[in-house]
Amino acid sequence: MEIDRRAFIASLGGPAVVALMDHEAKAEALEHYMEEKLDEMVAAQQPEKFPTVAELQAQIETRPYRRGAGTLFTGQRGENVKILKPMPEKPTLKDFFELRFAPANHVLQSATRAMKTGMSEEIILACLLHDCVLSLIKPDHGWWGAQLFEPYIPEKSAFAIRYHQTLRFYPDEEAGYEYPDQYYRIFGHDYTPPQYIQDTYKMLKNHKWYMEPRLVTVNDLYAFDPNAKVSIEPFLDIVGRHFKQPKEGLGYDNSPSAHMWRTLARPDNPL
Ligand SMILES: [Fe+2]
Ligand SMILES: [Fe+2]
């Protein structure tokens, strides 16, 4: 078994502590450390035990927020929320990416994959935008997301965003999409999608645009490369061609979703 010396020394309290230990104490600590690591390695090889729907339900009252709250509205990993930088007067999609959706790794990586695999520009755009609305709200994010972007993007891209949420629950071997482990983790391994999702799936299966949302799910990966450096820059041409940026700025053009952009711009407003 390989020993990470630095981690081992740190686990004992640092080099100064180790310097004070005699030979026997060090040998014992090393043995103990190796036993623990071995246990961890064995545990890592066990298949993951996914929660049940009832177990997830039982966690609801252990949190001061609901799981459906948008990420802008809750502290991440138990931390307090941070002061947000103000938006420019006439904000663009790029401004929202940088100031409100950031780091947006997931959508940027999905769009990067879509670009690499030669998807149409409508699909690349849909991948880039498909989960942005999670900053605002999480339940029914396909529908919310489509509504947020609909006034500004091609119909096919909005269709893909709206229905990727539904198709995530249904594998399609031919298209190369499997049911994600992440869904066993977050919905429970015994979860059945509600009736309206089942009905939407039935409708989609026979729809001429079935492949539009399906291709979003195919590119919808959690993190194919956690170290990949991604940015909005490579997508600005596609955004320029297909996203109708309002001259008044997003939020101020009186579109049906303008209020949603304003809420994203000012999530600290009490009313
Ligand atoms: Fe999604
Ligand atoms: Fe996603």
# chains A, B, ... in the order shown; residues from 1 in each chain; ligands from 1

$ closest_atom_pairs --of "chain A" --to "ligand 2" --cutoff "10 Å" --atoms "only C-alpha atoms and all ligand atoms" --output "CSV"
residue,atom,partner,partner_atom_place_in_ligand_line,distance
A:His106,CA,ligand 2,1 (Fe),6.6
A:Val107,CA,ligand 2,1 (Fe),6.5
A:Gln109,CA,ligand 2,1 (Fe),9.7
A:Ser110,CA,ligand 2,1 (Fe),7.5
A:Cys127,CA,ligand 2,1 (Fe),7.9
A:Leu128,CA,ligand 2,1 (Fe),9.4
A:Leu129,CA,ligand 2,1 (Fe),9.2
A:His130,CA,ligand 2,1 (Fe),6.4
A:Asp131,CA,ligand 2,1 (Fe),5.4
A:Cys132,CA,ligand 2,1 (Fe),8.9
A:Leu134,CA,ligand 2,1 (Fe),9.6
A:His141,CA,ligand 2,1 (Fe),9.9
A:Gly142,CA,ligand 2,1 (Fe),9.8
A:Ile161,CA,ligand 2,1 (Fe),9.7
A:His164,CA,ligand 2,1 (Fe),8.4
A:Gln165,CA,ligand 2,1 (Fe),8.4
A:Arg168,CA,ligand 2,1 (Fe),8.9
A:Val216,CA,ligand 2,1 (Fe),8.0
A:Thr217,CA,ligand 2,1 (Fe),7.3
A:Val218,CA,ligand 2,1 (Fe),9.8
A:Asn219,CA,ligand 2,1 (Fe),8.2
A:Asp220,CA,ligand 2,1 (Fe),4.8
A:Leu221,CA,ligand 2,1 (Fe),6.6
A:Tyr222,CA,ligand 2,1 (Fe),7.2

$ residues_around --residues "region 9-11 of chain A" --least-positions-apart "5" --cutoff "12 Å" --atoms "only C-alpha atoms" --output "PyMOL selection string"
chain A and resi 3-4+16-19+21+26+29-30+32-34+36-37

$ closest_residue --among "A:Pro213, A:Pro234, A:Gly14, A:Pro270" --to "ligand 1" --atoms "only C-alpha atoms and all ligand atoms"
A:Pro213

$ residues_around --residues "Tyr179 (chain A)" --least-positions-apart "3" --cutoff "10 Å" --atoms "only C-alpha atoms" --output "PyMOL selection string"
chain A and resi 167-173+182-184+217

$ atom_distance --atom1 "CA of Ser257 (chain A)" --atom2 "CA of Thr166 (chain A)"
21.8 Å

$ closest_residue --among "A:Val133, A:Ala7, A:Arg63, A:His23" --to "Gly75 (chain A)" --atoms "only C-alpha atoms"
A:Arg63

$ closest_residue --among "A:Ala44, A:Ile137, A:Ala58, A:Leu20" --to "ligand 1" --atoms "only C-alpha atoms and all ligand atoms"
A:Ile137

$ closest_residue --among "A:Trp143, A:Phe159, A:Phe50, A:Tyr152" --to "Val239 (chain A)" --atoms "only C-alpha atoms"
A:Tyr152

$ closest_residue --among "A:Ala126, A:Val230, A:Leu56, A:Leu148" --to "Ser255 (chain A)" --atoms "only C-alpha atoms"
A:Leu148

$ closest_residue --among "A:Ser135, A:Gln59, A:Thr192, A:Gln76" --to "ligand 1" --atoms "only C-alpha atoms and all ligand atoms"
A:Ser135

$ residues_around --residues "Glu150 (chain A)" --least-positions-apart "5" --cutoff "9 Å" --atoms "only C-alpha atoms" --output "MDAnalysis selection string"
chainID A and resid 145 155 157:159 256:257

$ select_by_dssp --residues "region 125-228 of chain A" --states "helix (DSSP H, G or I)" --output "PyMOL selection string"
chain A and resi 125-129+132-135+141-152+155-167+181-187+195-205+211-218

$ atom_distance --atom1 "CA of Pro103 (chain A)" --atom2 "CA of Leu84 (chain A)"
13.3 Å

$ residues_around --residues "Leu99 (chain A)" --least-positions-apart "6" --cutoff "9 Å" --atoms "only C-alpha atoms" --output "number ranges by chain"
A: 84-87, 265

$ write_last_selection --atoms "C-alpha atoms" --output "PDB file, in the first residue's frame"
ATOM      1  CA  LEU A  84     -23.018  39.468  -4.599  1.00  0.00           C
ATOM      2  CA  LYS A  85     -21.424  41.867  -7.032  1.00  0.00           C
ATOM      3  CA  PRO A  86     -23.992  44.274  -8.510  1.00  0.00           C
ATOM      4  CA  MET A  87     -25.085  43.666 -12.084  1.00  0.00           C
ATOM      5  CA  ALA A 265     -30.058  40.026 -10.307  1.00  0.00           C
TER       6      ALA A 265
END
